[in-house]
$ cat target-v7.tsv   # TSV, C-alpha atoms and all ligand atoms
chain	number	residue	atom	x	y	z
A	7	MET	CA	-0.96	22.66	15.99
A	8	ALA	CA	-2.36	19.87	13.92
A	9	ARG	CA	-4.50	16.73	14.08
A	10	VAL	CA	-2.05	14.02	13.06
A	11	LEU	CA	-2.31	10.45	11.76
A	12	VAL	CA	0.85	8.47	12.61
A	13	VAL	CA	1.74	5.56	10.31
A	14	ASP	CA	4.53	3.05	10.96
A	15	ASP	CA	4.57	-0.74	11.13
A	16	ALA	CA	6.70	-0.59	14.30
A	17	ALA	CA	4.65	0.19	17.43
A	18	PHE	CA	7.81	1.52	19.06
A	19	MET	CA	8.33	4.02	16.24
A	20	ARG	CA	4.67	5.12	16.32
A	21	LYS	CA	5.21	5.91	20.00
A	22	VAL	CA	8.45	7.85	19.34
A	23	VAL	CA	6.75	9.89	16.59
A	24	SER	CA	3.59	10.45	18.65
A	25	ASP	CA	5.49	11.50	21.78
A	26	ALA	CA	7.57	14.00	19.79
A	27	LEU	CA	4.51	15.50	18.11
A	28	VAL	CA	2.53	15.70	21.35
A	29	SER	CA	5.48	17.43	23.02
A	30	GLY	CA	5.21	20.05	20.25
A	31	GLY	CA	1.51	20.58	20.96
A	32	HIS	CA	0.08	18.42	18.18
A	33	GLU	CA	-2.81	16.01	18.66
A	34	ILE	CA	-2.58	12.36	17.53
A	35	VAL	CA	-5.99	11.45	16.12
A	36	GLY	CA	-5.07	7.99	14.88
A	37	GLU	CA	-2.40	5.43	14.11
A	38	ALA	CA	-1.92	2.81	11.43
A	39	GLY	CA	0.56	-0.05	11.13
A	40	THR	CA	0.20	-0.95	7.44
A	41	GLY	CA	-0.20	0.90	4.15
A	42	ILE	CA	-3.74	-0.36	3.59
A	43	GLU	CA	-4.75	0.68	7.10
A	44	ALA	CA	-3.08	4.07	6.54
A	45	VAL	CA	-5.26	4.88	3.52
A	46	LYS	CA	-8.39	3.71	5.36
A	47	ARG	CA	-7.61	5.78	8.45
A	48	PHE	CA	-6.77	8.80	6.29
A	49	GLN	CA	-10.24	8.62	4.71
A	50	GLU	CA	-11.95	8.18	8.08
A	51	LEU	CA	-10.07	10.85	9.99
A	52	SER	CA	-9.14	13.57	7.45
A	53	PRO	CA	-5.99	14.42	9.44
A	54	GLU	CA	-4.28	17.77	8.91
A	55	LEU	CA	-0.92	15.98	8.82
A	56	THR	CA	0.05	12.35	8.20
A	57	THR	CA	3.46	10.88	9.06
A	58	LEU	CA	4.16	7.95	6.78
A	59	ASP	CA	6.73	5.18	7.18
A	60	ILE	CA	8.22	3.92	3.90
A	61	THR	CA	8.90	0.22	4.60
A	62	MET	CA	5.71	-1.54	5.69
A	63	PRO	CA	3.98	-4.85	4.98
A	64	ASP	CA	1.11	-5.12	2.47
A	65	LYS	CA	1.52	-1.68	0.93
A	66	ASP	CA	4.62	0.47	1.32
A	67	GLY	CA	4.67	4.17	2.13
A	68	LEU	CA	5.05	5.23	-1.50
A	69	ALA	CA	2.00	3.25	-2.62
A	70	ALA	CA	0.00	4.58	0.33
A	71	LEU	CA	1.18	8.11	-0.47
A	72	ARG	CA	-0.02	7.79	-4.09
A	73	GLU	CA	-3.49	6.79	-2.88
A	74	ILE	CA	-3.66	9.48	-0.22
A	75	ILE	CA	-2.66	12.20	-2.72
A	76	ALA	CA	-5.24	10.82	-5.19
A	77	LEU	CA	-7.91	11.09	-2.48
A	78	ASP	CA	-6.79	14.57	-1.45
A	79	PRO	CA	-4.21	16.40	-3.59
A	80	ALA	CA	-3.78	18.93	-0.75
A	81	ALA	CA	-2.92	16.22	1.82
A	82	ARG	CA	0.06	17.09	3.99
A	83	VAL	CA	2.25	14.05	4.34
A	84	LEU	CA	5.62	13.79	6.06
A	85	MET	CA	7.74	10.75	5.16
A	86	CYS	CA	9.64	8.79	7.84
A	87	SER	CA	12.57	7.18	6.10
A	88	ALA	CA	15.17	4.72	7.33
A	89	LEU	CA	18.83	4.99	6.34
A	90	GLY	CA	19.58	4.20	2.70
A	91	GLN	CA	16.20	5.19	1.23
A	92	GLU	CA	17.28	8.33	-0.58
A	93	SER	CA	15.70	7.44	-3.93
A	94	LYS	CA	12.38	6.58	-2.30
A	95	VAL	CA	12.40	9.82	-0.33
A	96	ILE	CA	13.06	11.85	-3.49
A	97	GLU	CA	10.28	9.99	-5.27
A	98	SER	CA	7.87	10.62	-2.41
A	99	ILE	CA	8.55	14.36	-2.62
A	100	LYS	CA	7.90	14.22	-6.37
A	101	LEU	CA	4.61	12.46	-5.61
A	102	GLY	CA	3.58	15.25	-3.23
A	103	ALA	CA	4.98	14.54	0.24
A	104	LYS	CA	5.83	17.81	1.99
A	105	ASP	CA	8.97	16.85	3.88
A	106	PHE	CA	10.81	13.91	5.41
A	107	VAL	CA	12.83	12.75	8.40
A	108	VAL	CA	15.45	10.00	8.55
A	109	LYS	CA	15.12	7.55	11.45
A	110	PRO	CA	16.41	7.67	14.14
A	111	PHE	CA	15.66	11.40	14.27
A	112	GLN	CA	15.83	13.96	17.03
A	113	PRO	CA	12.35	15.07	18.22
A	114	GLU	CA	13.18	18.69	17.27
A	115	ARG	CA	13.89	17.65	13.69
A	116	LEU	CA	10.49	15.94	13.48
A	117	LEU	CA	8.74	19.02	14.84
A	118	GLU	CA	10.54	21.27	12.35
A	119	ALA	CA	9.56	18.97	9.51
A	120	ALA	CA	5.97	18.87	10.78
A	121	ASP	CA	5.85	22.66	10.76
A	122	ARG	CA	7.30	22.79	7.25
A	123	GLY	CA	4.90	20.09	6.14
A	124	LEU	CA	2.00	22.11	7.48
A	125	TRP	CA	2.88	25.57	6.34
A	126	ALA	CA	5.63	25.66	3.74
A	127	ALA	CA	5.61	25.22	0.01
A	128	PRO	CA	7.84	22.26	-0.88
A	129	GLU	CA	8.09	23.58	-4.45
A	130	ASP	CA	10.66	26.02	-3.09
A	131	ASP	CA	13.11	23.14	-2.74
A	132	THR	CA	14.79	21.82	-5.84
A	133	LEU	CA	15.32	18.07	-5.92
A	134	GLU	CA	19.09	18.58	-5.79
A	135	LYS	CA	18.71	20.60	-2.60
A	136	LEU	CA	16.47	17.93	-1.11
A	137	ARG	CA	18.96	15.28	-2.04
A	138	ALA	CA	21.76	17.22	-0.35
A	139	THR	CA	19.62	17.65	2.76
A	140	TYR	CA	18.87	13.95	2.80
A	141	LEU	CA	22.54	12.96	2.50
A	142	GLU	CA	23.45	15.46	5.22
A	143	LEU	CA	20.88	13.94	7.59
A	144	GLU	CA	22.15	10.45	6.82
A	145	GLY	CA	25.71	11.60	7.41
A	146	ASP	CA	24.72	12.95	10.83
A	147	LEU	CA	23.25	9.58	11.71
A	148	GLU	CA	26.11	7.47	10.51
A	149	GLY	CA	28.13	8.30	13.62
A	150	GLN	CA	25.39	6.87	15.80
A	151	ALA	CA	25.95	3.15	16.15
A	152	ASP	CA	23.15	2.68	18.68
A	153	HIS	CA	19.54	1.78	18.01
A	154	ARG	CA	18.68	1.79	14.33
A	155	PRO	CA	15.16	0.77	13.37
A	156	ALA	CA	15.14	-1.33	10.21
A	157	GLY	CA	12.51	0.83	8.63
B	201	MG	MG	8.70	0.27	8.71
$ encode --input "target-v7.tsv" --output "structure tokens"
Amino acid sequence: MARVLVVDDAAFMRKVVSDALVSGGHEIVGEAGTGIEAVKRFQELSPELTTLDITMPDKDGLAALREIIALDPAARVLMCSALGQESKVIESIKLGAKDFVVKPFQPERLLEAADRGLWAAPEDDTLEKLRATYLELEGDLEGQADHRPAG
């Protein structure tokens, strides 16, 4: 169980992420709605896990990730991607993010990714494997024509 910082510019999505993590026994220690705020809150709170949206105003998730990893190379960050952001997700993993989910995700998938982000070594995954996983997740979502957050 981890102390988690939840970052997304959509309040609705912060609630979805927080509710899923709390249901898995994690504790939400803070939230941020922009990239700049995310880096600030990360420094203040030293969370054990940070979930990071990619598309945000002022500083996107990749820029925030770079700064967070520079502050703490051991930071555990889980990316929350929207559909169609494969290249950014791959880049975030190269930069040091531990795992990712594609919105809209099932709560179980987020909890699995949180566990992997906390305990697993992402180096075990080749980029090709990650890419395949990403495309598979997107494929699963393509059948769902209902609510799709814009990112
Ligand atoms: Mg967003």
$ atom_distance --input "target-v7.tsv" --atom1 "atom CA of A:Leu117" --atom2 "atom CA of A:Gly31"
9.6 Å
$ closest_residue --input "target-v7.tsv" --among "A:Arg72, A:His32, A:Lys46, A:Lys135" --to "A:Asp121" --atoms "only C-alpha atoms"
A:His32
$ closest_residue --input "target-v7.tsv" --among "A:Ala138, A:Val10, A:Leu27, A:Val22" --to "A:Val83" --atoms "all atoms listed in the file"
A:Val10
$ closest_residue --input "target-v7.tsv" --among "A:Leu89, A:Ala38, A:Leu147, A:Ala80" --to "A:Leu124" --atoms "all atoms listed in the file"
A:Ala80
$ atom_distance --input "target-v7.tsv" --atom1 "atom CA of A:Pro53" --atom2 "atom CA of A:Leu11"
5.9 Å
$ closest_residue --input "target-v7.tsv" --among "A:Leu101, A:Gly30, A:Lys94, A:Gly36" --to "A:Glu118" --atoms "all atoms listed in the file"
A:Gly30
$ residues_near_ligand --input "target-v7.tsv" --ligand "ligand MG 201 (chain B)" --cutoff "9 Å" --atoms "only C-alpha atoms and all ligand atoms" --output "MDAnalysis selection string"
chainID A and resid 13:16 19 39:40 59:63 66:67 86:88 155:157
$ atom_distance --input "target-v7.tsv" --atom1 "atom CA of A:Gly123" --atom2 "atom CA of A:Lys104"
4.8 Å
$ closest_residue --input "target-v7.tsv" --among "A:Glu97, A:Glu148, A:Glu114, A:Glu73" --to "A:Phe48" --atoms "all atoms listed in the file"
A:Glu73
$ residues_around --input "target-v7.tsv" --residues "A:Leu133" --least-positions-apart "3" --cutoff "8 Å" --atoms "all atoms listed in the file" --output "list in words"
Ile96, Leu136 and Arg137 of chain A
$ residues_around --input "target-v7.tsv" --residues "A:Ala103" --least-positions-apart "5" --cutoff "9 Å" --atoms "all atoms listed in the file" --output "VMD selection string"
chain A and resid 71 75 81 to 85 95 97 to 98 123 128
$ closest_residue --input "target-v7.tsv" --among "A:Glu37, A:Glu134, A:Asp64, A:Glu54" --to "A:Ala120" --atoms "all atoms listed in the file"
A:Glu54
$ axis_aligned_box --input "target-v7.tsv" --around "stretch 84-89 of chain A" --padding-each-side "4 Å" --output "lines of an AutoDock Vina configuration file"
center_x = 12.2
center_y = 9.3
center_z = 6.5
size_x = 21.2
size_y = 17.1
size_z = 10.7
$ residues_around --input "target-v7.tsv" --residues "A:Ser29" --least-positions-apart "5" --cutoff "12 Å" --atoms "only C-alpha atoms" --output "MDAnalysis selection string"
chainID A and resid 7 21:24 34 113:114 116:117
$ build_atoms --input "target-v7.tsv" --residues "stretch 70-87 of chain A" --atoms "N, CA and C atoms" --output "mmCIF file, keeping the file's coordinate frame"
data_model
loop_
_atom_site.group_PDB
_atom_site.id
_atom_site.type_symbol
_atom_site.label_atom_id
_atom_site.label_comp_id
_atom_site.auth_asym_id
_atom_site.auth_seq_id
_atom_site.Cartn_x
_atom_site.Cartn_y
_atom_site.Cartn_z
ATOM 1 N N ALA A 70 1.015 3.926 -0.509
ATOM 2 C CA ALA A 70 0.000 4.580 0.330
ATOM 3 C C ALA A 70 -0.052 6.077 0.020
ATOM 4 N N LEU A 71 1.121 6.680 -0.156
ATOM 5 C CA LEU A 71 1.180 8.110 -0.470
ATOM 6 C C LEU A 71 0.435 8.409 -1.779
ATOM 7 N N ARG A 72 0.681 7.594 -2.805
ATOM 8 C CA ARG A 72 -0.020 7.790 -4.090
ATOM 9 C C ARG A 72 -1.523 7.813 -3.887
ATOM 10 N N GLU A 73 -2.043 6.868 -3.086
ATOM 11 C CA GLU A 73 -3.490 6.790 -2.880
ATOM 12 C C GLU A 73 -4.006 7.966 -2.061
ATOM 13 N N ILE A 74 -3.235 8.362 -1.067
ATOM 14 C CA ILE A 74 -3.660 9.480 -0.220
ATOM 15 C C ILE A 74 -3.703 10.771 -1.046
ATOM 16 N N ILE A 75 -2.692 10.990 -1.886
ATOM 17 C CA ILE A 75 -2.660 12.200 -2.720
ATOM 18 C C ILE A 75 -3.795 12.153 -3.761
ATOM 19 N N ALA A 76 -4.119 10.950 -4.240
ATOM 20 C CA ALA A 76 -5.240 10.820 -5.190
ATOM 21 C C ALA A 76 -6.558 11.172 -4.500
ATOM 22 N N LEU A 77 -6.696 10.776 -3.239
ATOM 23 C CA LEU A 77 -7.910 11.090 -2.480
ATOM 24 C C LEU A 77 -7.986 12.580 -2.155
ATOM 25 N N ASP A 78 -6.834 13.160 -1.831
ATOM 26 C CA ASP A 78 -6.790 14.570 -1.450
ATOM 27 C C ASP A 78 -5.457 15.180 -1.907
ATOM 28 N N PRO A 79 -5.463 15.839 -3.056
ATOM 29 C CA PRO A 79 -4.210 16.400 -3.590
ATOM 30 C C PRO A 79 -3.557 17.412 -2.640
ATOM 31 N N ALA A 80 -4.339 17.960 -1.697
ATOM 32 C CA ALA A 80 -3.780 18.930 -0.750
ATOM 33 C C ALA A 80 -3.292 18.262 0.538
ATOM 34 N N ALA A 81 -3.335 16.924 0.604
ATOM 35 C CA ALA A 81 -2.920 16.220 1.820
ATOM 36 C C ALA A 81 -1.499 16.595 2.209
ATOM 37 N N ARG A 82 -1.287 16.775 3.506
ATOM 38 C CA ARG A 82 0.060 17.090 3.990
ATOM 39 C C ARG A 82 0.650 15.842 4.600
ATOM 40 N N VAL A 83 1.647 15.311 3.919
ATOM 41 C CA VAL A 83 2.250 14.050 4.340
ATOM 42 C C VAL A 83 3.746 14.251 4.561
ATOM 43 N N LEU A 84 4.208 13.714 5.672
ATOM 44 C CA LEU A 84 5.620 13.790 6.060
ATOM 45 C C LEU A 84 6.172 12.372 6.060
ATOM 46 N N MET A 85 7.206 12.099 5.271
ATOM 47 C CA MET A 85 7.740 10.750 5.160
ATOM 48 C C MET A 85 8.733 10.464 6.292
ATOM 49 N N CYS A 86 8.671 9.236 6.845
ATOM 50 C CA CYS A 86 9.640 8.790 7.840
ATOM 51 C C CYS A 86 10.491 7.701 7.193
ATOM 52 N N SER A 87 11.700 8.075 6.833
ATOM 53 C CA SER A 87 12.570 7.180 6.100
ATOM 54 C C SER A 87 13.560 6.498 7.034
#
